[in-house]
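Taking it in order: structure first as structure tokens, then the write-up.
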Amino acid sequence: MSAPRSLGREAWQRLRKNRMAFACLIGFAVITLTCVVGPVVCGWFGLDATTLDLDLLAAPPSAAHPLGTDNLGRDLLVRVLIGGRIALVVGLTATAVALVIGVAWGAIAGYAGGRVDAVMMRIVDVMYGFPTIVLVVVVRAVFDTRSLVSLIALIGVMSWLTMARIVRGQVLSLRQREFIEAARAIGAGRLRIVFRHVIPNTLGTVVVYATVLVPEAMLFETFLSFIGLGVQAPLASWGTLVTEGSTQVAVSPWVLAGPGLAMGLTIFALNFLGDGLRDAIDPQTR
């Protein structure tokens with residue numbers, strides 16, 4: 001008689017059977033690994049992101065520069081790889097910030113109920129009404145900051161609202177379940193019940209939504225870069241590279257093609273991975 005499999009193992013087996021989702025998981029892992037180690041490998045061949053080759057301004061792809069060069073003669077391959085590091089850091093870290101705030105807020109509101117729930121969710125409604133771009137402009141102007149940390153914090157703080165609503169809905173359906181009643185019966189406090197019993201049972205939904213938040217954060221950073229509020233020089237992300245390439249697409253399309261393709265493949269992989277995780281964690285939704 002075989003041993004019973006855990007829910008996590010069963011979800012993993014279902015994910016592996018979903019060929020498209022599993023391929024996207026492998027693809028995202030390859031993209032991430034390439035962005036991490038790629039610039040080091042390129043350095044062995046004499047390529048870096050800062051050397052200016054004045055003889056090759058906006059040169060098309062070649063054996064020496066596989067993705068071509070930008071309008072300052074810098075190698076685009078290395079710039080895309082380093083930009084991928086920044087883009088992934090922004091997307092993953094901002095998502096982590098949004099998850100911490102949103103999960104805690106939604107779980108406490110849903111479990112407490114009554115006036116506490118009403119006040120907390122009205123705060124969410126009010127924050128939904130704030131114009132996001134205006135808030136970014138005001139905050140970055142008031143504090144006179146253009147740092148990467150402040151950008152990540154802003155994107156994370158503005159991305160937790162939907163997560164709070166989702167978690168609250170899950171908690172409302174969980175708080176009257178038998179295992180919660182059992183925890184109350186043995187004298188567990190409210191915070192212990194929320195963080196030890198309620199939140200762990202919402203992690204499936206949280207993980208699925210996190211795969212949506214990462215590309216959303218990356219796209220939002222791209223938009224902020226387009227209006228000059230994103231990652232600031234000398235740093236460069238896919239968003240800033242796409243913005244630079246969009247101004248030269250008519251004469252040098254390869255300047256846009258490299259970062260645009262890398263960003264598009266990453267977002268594509270994360271979106272399909274999210275669909276696969278949803279089916280794997282909750283097979284009834286298929």
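Ordered as shown in the structure tokens, chains take letters A, B, and onward, while each chain numbers its residues from 1 and ligands are numbered from 1 in the order shown.
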
Sorted by chain and rising residue number, list the residues of range 83-123 of chain A at most 9 Å from range 147-166 of chain A (counting only C-alpha atoms), each with its closest atom pair and distance in Å to one decimal, as JSON lines.
```
{"residue": "A:Ile86", "atom": "CA", "partner": "A:Leu148", "partner_atom": "CA", "distance": 9.0}
{"residue": "A:Val89", "atom": "CA", "partner": "A:Ile152", "partner_atom": "CA", "distance": 8.6}
{"residue": "A:Val90", "atom": "CA", "partner": "A:Ile152", "partner_atom": "CA", "distance": 5.7}
{"residue": "A:Gly91", "atom": "CA", "partner": "A:Ile152", "partner_atom": "CA", "distance": 8.1}
{"residue": "A:Thr93", "atom": "CA", "partner": "A:Ile152", "partner_atom": "CA", "distance": 6.8}
{"residue": "A:Ala94", "atom": "CA", "partner": "A:Gly156", "partner_atom": "CA", "distance": 4.2}
{"residue": "A:Thr95", "atom": "CA", "partner": "A:Gly156", "partner_atom": "CA", "distance": 6.0}
{"residue": "A:Ala96", "atom": "CA", "partner": "A:Gly156", "partner_atom": "CA", "distance": 7.5}
{"residue": "A:Val97", "atom": "CA", "partner": "A:Gly156", "partner_atom": "CA", "distance": 5.0}
{"residue": "A:Ala98", "atom": "CA", "partner": "A:Trp160", "partner_atom": "CA", "distance": 4.2}
{"residue": "A:Leu99", "atom": "CA", "partner": "A:Trp160", "partner_atom": "CA", "distance": 6.4}
{"residue": "A:Val100", "atom": "CA", "partner": "A:Trp160", "partner_atom": "CA", "distance": 8.2}
{"residue": "A:Ile101", "atom": "CA", "partner": "A:Trp160", "partner_atom": "CA", "distance": 6.2}
{"residue": "A:Gly102", "atom": "CA", "partner": "A:Ala164", "partner_atom": "CA", "distance": 4.2}
{"residue": "A:Val103", "atom": "CA", "partner": "A:Ala164", "partner_atom": "CA", "distance": 5.7}
{"residue": "A:Ala104", "atom": "CA", "partner": "A:Ala164", "partner_atom": "CA", "distance": 7.7}
{"residue": "A:Trp105", "atom": "CA", "partner": "A:Ala164", "partner_atom": "CA", "distance": 5.8}
{"residue": "A:Gly106", "atom": "CA", "partner": "A:Ala164", "partner_atom": "CA", "distance": 4.1}
{"residue": "A:Ala107", "atom": "CA", "partner": "A:Ala164", "partner_atom": "CA", "distance": 7.6}
{"residue": "A:Ala109", "atom": "CA", "partner": "A:Ala164", "partner_atom": "CA", "distance": 8.7}
{"residue": "A:Met121", "atom": "CA", "partner": "A:Arg165", "partner_atom": "CA", "distance": 8.0}
```

Tell me, which residues of range 18-145 of chain A carry DSSP alpha helix (DSSP H), written as a ChimeraX atom specification?
-> /A:19-44,76-112,114-128,132-142

Polymer residues at most 10 Å from range 7-22 of chain A, only C-alpha atoms, same-chain spacing of 6 or more positions, as an mmCIF file with N, CA and C atoms, in the first residue's frame:
```cif
data_model
loop_
_atom_site.group_PDB
_atom_site.id
_atom_site.type_symbol
_atom_site.label_atom_id
_atom_site.label_comp_id
_atom_site.auth_asym_id
_atom_site.auth_seq_id
_atom_site.Cartn_x
_atom_site.Cartn_y
_atom_site.Cartn_z
ATOM 1 N N PHE A 28 10.877 30.631 -17.276
ATOM 2 C CA PHE A 28 11.112 31.736 -16.343
ATOM 3 C C PHE A 28 12.388 31.489 -15.541
ATOM 4 N N GLY A 204 -2.580 29.089 -1.297
ATOM 5 C CA GLY A 204 -2.778 28.675 -2.685
ATOM 6 C C GLY A 204 -3.219 29.836 -3.550
ATOM 7 N N ALA A 269 5.461 33.996 -19.763
ATOM 8 C CA ALA A 269 5.723 32.820 -18.937
ATOM 9 C C ALA A 269 5.017 32.921 -17.587
ATOM 10 N N LEU A 270 5.059 34.088 -16.966
ATOM 11 C CA LEU A 270 4.433 34.248 -15.651
ATOM 12 C C LEU A 270 2.919 34.133 -15.733
ATOM 13 N N ASN A 271 2.317 34.670 -16.788
ATOM 14 C CA ASN A 271 0.861 34.586 -16.927
ATOM 15 C C ASN A 271 0.394 33.144 -17.111
ATOM 16 N N PHE A 272 1.073 32.388 -17.963
ATOM 17 C CA PHE A 272 0.684 30.992 -18.159
ATOM 18 C C PHE A 272 1.019 30.145 -16.934
ATOM 19 N N LEU A 273 2.103 30.490 -16.249
ATOM 20 C CA LEU A 273 2.431 29.783 -15.014
ATOM 21 C C LEU A 273 1.354 30.013 -13.963
ATOM 22 N N GLY A 274 0.824 31.230 -13.890
ATOM 23 C CA GLY A 274 -0.264 31.508 -12.956
ATOM 24 C C GLY A 274 -1.497 30.677 -13.246
ATOM 25 N N ASP A 275 -1.847 30.537 -14.528
ATOM 26 C CA ASP A 275 -2.991 29.699 -14.886
ATOM 27 C C ASP A 275 -2.746 28.248 -14.487
ATOM 28 N N GLY A 276 -1.519 27.768 -14.727
ATOM 29 C CA GLY A 276 -1.196 26.393 -14.365
ATOM 30 C C GLY A 276 -1.219 26.162 -12.866
ATOM 31 N N LEU A 277 -0.706 27.124 -12.108
ATOM 32 C CA LEU A 277 -0.741 26.997 -10.647
ATOM 33 C C LEU A 277 -2.170 26.990 -10.127
ATOM 34 N N ARG A 278 -3.028 27.810 -10.718
ATOM 35 C CA ARG A 278 -4.430 27.826 -10.298
ATOM 36 C C ARG A 278 -5.059 26.457 -10.496
ATOM 37 N N ASP A 279 -4.833 25.840 -11.650
ATOM 38 C CA ASP A 279 -5.397 24.518 -11.906
ATOM 39 C C ASP A 279 -4.770 23.452 -11.026
ATOM 40 N N ALA A 280 -3.468 23.588 -10.746
ATOM 41 C CA ALA A 280 -2.784 22.579 -9.941
ATOM 42 C C ALA A 280 -3.187 22.633 -8.473
ATOM 43 N N ILE A 281 -3.351 23.844 -7.945
ATOM 44 C CA ILE A 281 -3.695 23.987 -6.544
ATOM 45 C C ILE A 281 -5.163 23.705 -6.298
ATOM 46 N N ASP A 282 -6.024 24.104 -7.241
ATOM 47 C CA ASP A 282 -7.465 23.861 -7.101
ATOM 48 C C ASP A 282 -7.958 23.208 -8.385
ATOM 49 N N PRO A 283 -7.857 21.865 -8.503
ATOM 50 C CA PRO A 283 -8.225 21.207 -9.753
ATOM 51 C C PRO A 283 -9.697 21.336 -10.099
#
```

Measure the distance from CA of Ala29 in chain A to CA of Ile267 in chain A in Å and round it to one decimal.
-> 12.6 Å

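Counting only C-alpha atoms, the residue from A:Val37, A:Leu229, A:Ala118, A:Gly245 that sits nearest to Val138 in chain A is A:Leu229.
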
With only C-alpha atoms as the counted atoms, please give the residues lying no more than 9 Å from Gly73 in chain A, apart from itself and same-chain residues fewer than 6 positions off, as a CSV table (one decimal) with C-alpha atoms, in the first residue's frame.
```csv
chain,number,residue,atom,x,y,z
A,51,THR,CA,32.2,50.6,-22.7
A,52,LEU,CA,31.4,53.1,-25.4
A,53,ASP,CA,32.4,52.1,-29.0
A,54,LEU,CA,32.1,55.3,-31.0
A,55,ASP,CA,32.7,53.4,-34.2
A,56,LEU,CA,29.5,51.3,-33.6
A,57,LEU,CA,26.8,53.8,-32.7
A,58,ALA,CA,23.4,52.1,-32.9
A,59,ALA,CA,25.0,49.2,-34.9
```

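The shortest atom-to-atom distance to Leu67 in chain A, with only C-alpha atoms taken into account, belongs to A:Ala257 out of A:Ala257, A:Met120, A:Val41, A:Met263.
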